[in-house]
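Below: my_file_8.csv (CSV, C-alpha atoms)
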chain,number,residue,atom,x,y,z
Q,1,MET,CA,0.0,0.0,0.0
Q,2,GLY,CA,1.3,3.4,-1.0
Q,3,ASP,CA,2.6,6.3,1.1
Q,4,ILE,CA,-0.6,8.4,1.2
Q,5,VAL,CA,-2.9,5.5,2.0
Q,6,GLN,CA,-0.5,4.4,4.7
Q,7,ILE,CA,-0.4,7.9,6.1
Q,8,TYR,CA,-4.2,8.0,6.0
Q,9,ASN,CA,-4.4,4.8,7.9
Q,10,ASP,CA,-1.8,5.9,10.4
Q,11,TYR,CA,-3.4,9.4,11.1
Q,12,LYS,CA,-7.0,9.2,10.2
Q,13,ASP,CA,-7.9,9.4,13.9
Q,14,HIS,CA,-6.1,12.7,14.2
Q,15,ALA,CA,-6.6,14.5,10.9
Q,16,ASP,CA,-9.1,14.6,8.1
Q,17,PHE,CA,-8.1,13.8,4.5
Q,18,LEU,CA,-9.6,14.7,1.2
Q,19,THR,CA,-8.4,13.6,-2.2
Q,20,VAL,CA,-9.2,16.0,-5.0
Q,21,TYR,CA,-9.3,14.6,-8.5
Q,22,VAL,CA,-8.0,17.3,-11.0
Q,23,ARG,CA,-7.5,17.2,-14.7
Q,24,GLU,CA,-5.5,14.3,-16.0
Q,25,ALA,CA,-1.7,14.7,-16.1
Q,26,HIS,CA,-0.9,12.2,-18.8
Q,27,PRO,CA,-3.9,11.6,-21.0
Q,28,THR,CA,-3.7,9.8,-24.3
Q,29,ASP,CA,-4.4,13.0,-26.2
Q,30,GLU,CA,-1.7,15.1,-24.5
Q,31,TRP,CA,1.5,13.8,-22.8
Q,32,GLN,CA,0.9,10.0,-22.5
Q,33,MET,CA,3.4,8.0,-20.7
Q,34,LYS,CA,4.6,4.5,-21.7
Q,35,SER,CA,4.2,3.3,-18.1
Q,36,ASN,CA,0.5,4.2,-18.3
Q,37,VAL,CA,0.1,2.1,-21.5
Q,38,LYS,CA,1.9,-0.7,-19.7
Q,39,ASP,CA,-0.4,-0.4,-16.7
Q,40,ASP,CA,-3.5,0.0,-18.9
Q,41,VAL,CA,-4.2,3.4,-17.5
Q,42,CYS,CA,-5.2,5.1,-20.8
Q,43,TYR,CA,-7.7,7.9,-20.7
Q,44,ALA,CA,-8.2,11.0,-22.9
Q,45,GLN,CA,-8.5,14.3,-21.2
Q,46,PRO,CA,-12.1,14.5,-19.9
Q,47,LYS,CA,-14.2,17.0,-21.7
Q,48,THR,CA,-17.2,16.7,-19.4
Q,49,LEU,CA,-17.7,16.3,-15.7
Q,50,GLU,CA,-19.3,12.9,-16.3
Q,51,GLN,CA,-16.1,11.7,-17.9
Q,52,ARG,CA,-14.1,12.9,-14.9
Q,53,VAL,CA,-16.5,11.1,-12.6
Q,54,ALA,CA,-16.1,7.9,-14.7
Q,55,ILE,CA,-12.3,8.0,-14.4
Q,56,ALA,CA,-12.4,8.8,-10.7
Q,57,LYS,CA,-14.7,5.8,-10.2
Q,58,ASP,CA,-12.3,3.6,-12.2
Q,59,PHE,CA,-9.5,4.8,-10.0
Q,60,THR,CA,-11.1,4.3,-6.6
Q,61,ALA,CA,-12.5,0.9,-7.7
Q,62,ARG,CA,-9.2,-0.4,-9.1
Q,63,TYR,CA,-7.2,0.5,-6.1
Q,64,LYS,CA,-9.9,0.3,-3.5
Q,65,PHE,CA,-8.8,3.8,-2.6
Q,66,PRO,CA,-10.0,4.5,1.0
Q,67,LEU,CA,-9.6,8.3,1.3
Q,68,PRO,CA,-12.6,10.7,1.0
Q,69,PHE,CA,-12.8,11.9,-2.6
Q,70,GLY,CA,-13.9,15.0,-4.4
Q,71,ILE,CA,-13.8,15.9,-8.1
Q,72,ASP,CA,-12.7,19.3,-9.4
Q,73,GLU,CA,-15.3,20.9,-11.7
Q,74,MET,CA,-14.7,21.6,-15.3
Q,75,SER,CA,-13.8,25.2,-14.5
Q,76,ASN,CA,-10.7,23.7,-12.7
Q,77,ALA,CA,-11.5,26.0,-9.7
Q,78,ALA,CA,-9.7,23.8,-7.1
Q,79,ASP,CA,-6.7,23.3,-9.4
Q,80,SER,CA,-6.4,27.0,-10.0
Q,81,ALA,CA,-6.8,27.9,-6.4
Q,82,TYR,CA,-4.2,25.5,-5.2
Q,83,ALA,CA,-2.0,25.3,-8.2
Q,84,ALA,CA,-2.6,21.6,-7.9
Q,85,TRP,CA,-1.9,20.1,-11.3
Q,86,PRO,CA,-0.4,17.5,-11.8
Q,87,GLU,CA,-0.2,16.6,-8.1
Q,88,ARG,CA,0.4,18.4,-4.9
Q,89,LEU,CA,-0.1,18.1,-1.2
Q,90,TYR,CA,-1.3,20.6,1.4
Q,91,ILE,CA,-2.2,20.6,5.0
Q,92,ILE,CA,-4.8,23.1,6.2
Q,93,ASP,CA,-4.8,23.8,10.0
Q,94,VAL,CA,-7.9,24.1,12.1
Q,95,THR,CA,-8.0,27.9,11.7
Q,96,GLY,CA,-8.3,27.5,7.9
Q,97,HIS,CA,-4.8,28.5,7.0
Q,98,VAL,CA,-2.2,26.7,4.9
Q,99,SER,CA,0.1,24.9,7.3
Q,100,TYR,CA,2.0,22.8,4.8
Q,101,ARG,CA,2.4,23.4,1.1
Q,102,GLY,CA,4.0,20.7,-0.9
Q,103,GLY,CA,5.9,21.1,-4.2
Q,104,MET,CA,4.7,20.4,-7.7
Q,105,GLY,CA,4.7,16.7,-8.5
Q,106,PRO,CA,6.1,14.4,-9.5
Q,107,PHE,CA,9.6,15.6,-8.5
Q,108,ASN,CA,8.5,17.6,-5.5
Q,109,TYR,CA,5.6,15.5,-4.4
Q,110,LYS,CA,6.7,14.3,-1.0
Q,111,PRO,CA,4.3,12.4,1.2
Q,112,ALA,CA,7.1,11.9,3.7
Q,113,GLU,CA,6.9,15.6,4.5
Q,114,VAL,CA,3.2,15.3,5.3
Q,115,ARG,CA,4.0,12.3,7.5
Q,116,ASP,CA,6.7,14.4,9.2
Q,117,TRP,CA,4.2,17.2,9.9
Q,118,LEU,CA,1.6,14.8,11.3
Q,119,ALA,CA,4.3,12.9,13.3
Q,120,ALA,CA,5.5,16.2,14.8
Q,121,LYS,CA,2.0,16.9,16.0
Q,122,TYR,CA,0.6,13.5,16.9
Q,123,GLY,CA,3.7,11.3,17.3
Q,124,ALA,CA,5.5,9.0,14.8
Q,125,VAL,CA,3.9,5.8,13.7
Q,126,LYS,CA,6.7,3.3,12.9
Q,127,HIS,CA,6.4,0.4,10.4
Q,128,GLU,CA,8.8,-2.4,10.0
Q,129,ALA,CA,10.3,-2.3,6.6
Q,130,PRO,CA,9.7,-5.5,4.5
Q,131,PRO,CA,12.9,-7.6,4.4
Q,132,ALA,CA,13.1,-7.5,0.6
Q,133,ALA,CA,12.8,-3.7,0.5
Q,134,THR,CA,15.4,-3.4,3.2
Q,135,ALA,CA,17.8,-5.6,1.3
Q,136,SER,CA,17.2,-3.7,-1.9
Q,137,THR,CA,17.8,-0.3,-0.3
Q,138,THR,CA,20.9,-1.5,1.3
Q,139,ALA,CA,22.2,-3.1,-1.9
Q,140,THR,CA,21.4,-0.3,-4.3
Q,141,PRO,CA,20.8,3.1,-2.6
Q,142,ALA,CA,20.9,4.7,-6.1
Q,143,THR,CA,17.4,3.3,-6.7
Q,144,ALA,CA,16.1,5.7,-4.2
Q,145,SER,CA,16.9,8.6,-6.5
Q,146,THR,CA,14.1,10.5,-8.2
Q,147,PRO,CA,12.9,8.5,-11.2
Q,148,ALA,CA,12.3,9.9,-14.6
Q,149,PRO,CA,8.7,11.2,-15.1
Q,150,ASP,CA,7.9,8.1,-17.3
Q,151,LYS,CA,8.7,5.9,-14.3
Q,152,ALA,CA,6.9,8.2,-11.9
Q,153,SER,CA,4.1,9.2,-14.1
Q,154,ALA,CA,1.2,8.2,-12.0
Q,155,THR,CA,0.0,11.3,-10.1
Q,156,ALA,CA,-1.1,11.6,-6.6
Q,157,PRO,CA,-4.1,9.2,-6.3
Q,158,ALA,CA,-2.4,6.6,-8.4
Q,159,SER,CA,1.0,7.0,-6.9
Q,160,ALA,CA,-0.6,6.7,-3.5
Q,161,THR,CA,-1.3,3.1,-4.3
Q,162,LYS,CA,2.2,2.1,-5.3
E,1,MET,CA,32.0,43.7,-30.9
E,2,LYS,CA,31.5,41.1,-33.6
E,3,ARG,CA,33.8,38.7,-31.8
E,4,PHE,CA,31.9,39.2,-28.5
E,5,LEU,CA,28.6,38.5,-30.3
E,6,LYS,CA,30.1,35.4,-31.8
E,7,TRP,CA,31.2,34.1,-28.5
E,8,PHE,CA,28.0,35.1,-26.8
E,9,GLY,CA,26.0,33.2,-29.5
E,10,GLY,CA,28.2,30.1,-29.1
E,11,VAL,CA,27.9,30.0,-25.4
E,12,LEU,CA,24.2,30.5,-25.5
E,13,ALA,CA,23.8,27.7,-28.1
E,14,VAL,CA,25.9,25.4,-25.8
E,15,LEU,CA,23.8,26.3,-22.8
E,16,LEU,CA,20.5,25.7,-24.7
E,17,LEU,CA,21.8,22.3,-25.9
E,18,ALA,CA,22.8,21.4,-22.4
E,19,ALA,CA,19.4,22.4,-21.1
E,20,PHE,CA,17.7,20.3,-23.8
E,21,GLY,CA,20.0,17.4,-22.9
E,22,VAL,CA,19.1,17.6,-19.2
E,23,LEU,CA,15.4,17.9,-20.1
E,24,CYS,CA,15.7,14.8,-22.4
E,25,TYR,CA,17.4,12.9,-19.5
E,26,MET,CA,14.7,13.9,-17.0
E,27,ALA,CA,11.8,13.2,-19.4
E,28,GLY,CA,13.2,10.0,-20.9
E,29,SER,CA,13.3,11.0,-24.6
E,30,PRO,CA,13.3,14.1,-26.8
E,31,LYS,CA,9.6,13.6,-27.5
E,32,ASP,CA,8.8,13.6,-23.8
E,33,ALA,CA,11.2,16.6,-23.3
E,34,TYR,CA,9.1,18.5,-25.8
E,35,ARG,CA,5.9,17.5,-24.0
E,36,MET,CA,7.4,18.3,-20.6
E,37,ALA,CA,8.2,21.8,-21.9
E,38,ARG,CA,4.8,22.2,-23.4
E,39,TYR,CA,2.6,20.8,-20.6
E,40,ALA,CA,4.6,20.9,-17.3
E,41,LEU,CA,7.0,23.8,-17.4
E,42,PRO,CA,4.3,26.5,-17.7
E,43,HIS,CA,3.0,25.2,-14.3
E,44,MET,CA,6.3,25.2,-12.5
E,45,HIS,CA,5.8,28.4,-10.6
E,46,ARG,CA,2.0,28.6,-10.5
E,47,GLY,CA,0.2,29.7,-7.4
E,48,SER,CA,0.7,32.2,-4.7
E,49,LEU,CA,-0.3,30.2,-1.7
E,50,LYS,CA,2.2,30.3,1.2
E,51,ILE,CA,2.3,29.0,4.7
E,52,GLY,CA,-0.2,31.0,6.6
E,53,SER,CA,-2.4,31.9,3.6
E,54,ASP,CA,-6.1,31.5,3.9
E,55,ALA,CA,-7.0,28.1,2.4
E,56,PRO,CA,-9.0,28.8,-0.8
E,57,ASP,CA,-12.4,27.3,-1.2
E,58,ALA,CA,-13.7,25.5,-4.3
E,59,ARG,CA,-16.8,23.5,-5.0
E,60,LEU,CA,-16.2,19.8,-5.7
E,61,LEU,CA,-18.4,17.0,-7.1
E,62,ALA,CA,-18.8,14.0,-4.9
E,63,LEU,CA,-17.9,10.6,-6.3
E,64,ASP,CA,-21.6,9.8,-6.6
E,65,GLY,CA,-21.7,12.2,-9.5
E,66,THR,CA,-24.6,14.2,-8.2
E,67,SER,CA,-23.9,15.9,-4.9
E,68,HIS,CA,-21.5,18.8,-4.3
E,69,PHE,CA,-19.5,20.0,-1.4
E,70,HIS,CA,-16.9,22.7,-0.7
E,71,ILE,CA,-13.4,22.0,0.4
E,72,ARG,CA,-13.8,24.4,3.4
E,73,GLU,CA,-16.8,22.4,4.6
E,74,ARG,CA,-14.3,19.7,5.4
E,75,LEU,CA,-12.5,21.9,7.9
E,76,GLY,CA,-13.4,21.2,11.4
E,77,THR,CA,-11.5,20.6,14.6
E,78,ARG,CA,-8.7,18.7,13.0
E,79,PRO,CA,-6.1,19.5,10.3
E,80,LEU,CA,-7.2,18.7,6.7
E,81,VAL,CA,-4.7,16.9,4.5
E,82,LEU,CA,-5.5,17.7,0.8
E,83,VAL,CA,-4.2,15.3,-1.8
E,84,PHE,CA,-4.5,16.6,-5.4
E,85,GLY,CA,-3.9,14.3,-8.3
E,86,SER,CA,-5.3,12.3,-11.2
E,87,PHE,CA,-5.3,8.7,-12.5
E,88,THR,CA,-2.6,9.1,-15.2
In structure tokens, write the structure found in this file.
Amino acid sequence: MGDIVQIYNDYKDHADFLTVYVREAHPTDEWQMKSNVKDDVCYAQPKTLEQRVAIAKDFTARYKFPLPFGIDEMSNAADSAYAAWPERLYIIDVTGHVSYRGGMGPFNYKPAEVRDWLAAKYGAVKHEAPPAATASTTATPATASTPAPDKASATAPASATK
Amino acid sequence: MKRFLKWFGGVLAVLLLAAFGVLCYMAGSPKDAYRMARYALPHMHRGSLKIGSDAPDARLLALDGTSHFHIRERLGTRPLVLVFGSFT
């Protein structure tokens, strides 16, 4: 289970979460990624809200995505207000102010920073690393470097499931 | 002056080639580099929100496809983690 879902499971008793589906980052009619073809995630950029809903439903069903979900309207109001495309993370505090502003994904999309923010406030939740992952990290630390966009093409909701 | 312009042009060309090379490396291919320049670069410095800014509101459609709600309606007595993204 991916970073965001894991963070959600760890901190859902302390914080509220909301996933906002914004316009597609790598649709078939714009900047399609080979990795999306390989993963059979091929959608044209939605032209109607109904098409956005259909893709969002495909996504949540495919990954059994547990976070609360909302869909940006065709005016892209949420995207514009938060400079959200292609993926971005924020934390809003209880007074309604931005308390954490993540960078633009995929290169600066860092769920670990959200985890750190929550851990500083509510305490760290530790997980034992899977033995295979530990061995891999130890053997080839270079694999932890930022992958090329094609390798990291899936944006927030999809990457959250990796 | 002519010599300066010649050097300046040469250096500029080398820098542009290097930038294109880096972009190709980051994107994976020249084709993807072009698409990155077209679709992603214009968004690099979008937005003016900073730590401490009022969180903007926006109306969203629920997954049921019929009901709507506002982001700020989800603010309560706990912090709200917003996760923006798409499927592809």
Handout entry: segment 113-126 of chain Q environment, 12 Å, all atoms listed in the file, sequence neighbours closer than 5 positions dropped, as a PyMOL selection string
Key = (chain Q and resi 3-17+88-93+99-103+108) or (chain E and resi 78-83)
Closest of E:Ile71, E:Ala58, E:Ser48, E:Tyr34 to chain Q, counting all atoms listed in the file, is E:Ala58
Residue neighbourhood segment 59-73 of chain Q, 10 Å, only C-alpha atoms, exclusion window fewer than 4 positions, as a short mmCIF file (atom, residue, chain, number, x, y, z; two decimals) with C-alpha atoms, in the coordinates of the input:
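Once everything was written out, this is selection12.cif:
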data_model
loop_
_atom_site.label_atom_id
_atom_site.label_comp_id
_atom_site.auth_asym_id
_atom_site.auth_seq_id
_atom_site.Cartn_x
_atom_site.Cartn_y
_atom_site.Cartn_z
CA MET Q 1 0.00 0.00 0.00
CA ILE Q 4 -0.60 8.40 1.20
CA VAL Q 5 -2.90 5.50 2.00
CA TYR Q 8 -4.20 8.00 6.00
CA ASN Q 9 -4.40 4.80 7.90
CA LYS Q 12 -7.00 9.20 10.20
CA ASP Q 16 -9.10 14.60 8.10
CA PHE Q 17 -8.10 13.80 4.50
CA LEU Q 18 -9.60 14.70 1.20
CA THR Q 19 -8.40 13.60 -2.20
CA VAL Q 20 -9.20 16.00 -5.00
CA TYR Q 21 -9.30 14.60 -8.50
CA VAL Q 22 -8.00 17.30 -11.00
CA ARG Q 23 -7.50 17.20 -14.70
CA VAL Q 41 -4.20 3.40 -17.50
CA THR Q 48 -17.20 16.70 -19.40
CA LEU Q 49 -17.70 16.30 -15.70
CA ARG Q 52 -14.10 12.90 -14.90
CA VAL Q 53 -16.50 11.10 -12.60
CA ALA Q 54 -16.10 7.90 -14.70
CA ILE Q 55 -12.30 8.00 -14.40
CA ALA Q 77 -11.50 26.00 -9.70
CA ALA Q 78 -9.70 23.80 -7.10
CA ASP Q 79 -6.70 23.30 -9.40
CA SER Q 80 -6.40 27.00 -10.00
CA PRO Q 157 -4.10 9.20 -6.30
CA ALA Q 158 -2.40 6.60 -8.40
CA ALA Q 160 -0.60 6.70 -3.50
CA THR Q 161 -1.30 3.10 -4.30
CA LYS Q 162 2.20 2.10 -5.30
CA ALA E 58 -13.70 25.50 -4.30
CA ARG E 59 -16.80 23.50 -5.00
CA LEU E 60 -16.20 19.80 -5.70
CA LEU E 61 -18.40 17.00 -7.10
CA ALA E 62 -18.80 14.00 -4.90
CA LEU E 63 -17.90 10.60 -6.30
CA ASP E 64 -21.60 9.80 -6.60
CA GLY E 65 -21.70 12.20 -9.50
CA HIS E 68 -21.50 18.80 -4.30
CA PHE E 69 -19.50 20.00 -1.40
CA HIS E 70 -16.90 22.70 -0.70
CA ILE E 71 -13.40 22.00 0.40
CA LEU E 82 -5.50 17.70 0.80
CA VAL E 83 -4.20 15.30 -1.80
CA PHE E 84 -4.50 16.60 -5.40
CA SER E 86 -5.30 12.30 -11.20
CA PHE E 87 -5.30 8.70 -12.50
CA THR E 88 -2.60 9.10 -15.20
#
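If only C-alpha atoms are the atoms counted, then among Q:Ala25, Q:Ala129, Q:Ala44, Q:Val37 the closest residue to chain E is Q:Ala25.
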The residue from Q:Lys34, Q:His127, Q:Lys110, Q:His97 with the smallest atom-to-atom distance to Asp54 of chain E, counting all atoms listed in the file, is Q:His97
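The spacing separating atom CA of Ala56 of chain Q from atom CA of Thr66 of chain E amounts to 13.6 Å.
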Min atom-atom distance to chain Q from the set E:Gly28, E:Gly21, E:Gly9, E:Pro42, counting all atoms listed in the file, belongs to E:Gly28
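The gap separating atom CA of Gly76 of chain E from atom CA of Val94 of chain Q is 6.3 Å, in Å to one decimal.
Proximity of Q:Pro86, Q:Gly96, Q:Pro46, Q:Pro106 to Glu73 of chain E, computed with only C-alpha atoms, is greatest for Q:Gly96.
Between atom CA of Ala83 of chain Q and atom CA of Gly105 of chain Q lies a distance of 10.9 Å.
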Using all atoms listed in the file, the residue out of Q:Ala81, Q:Gln45, Q:Ser75, Q:Asp40 with shortest distance to chain E is Q:Ala81
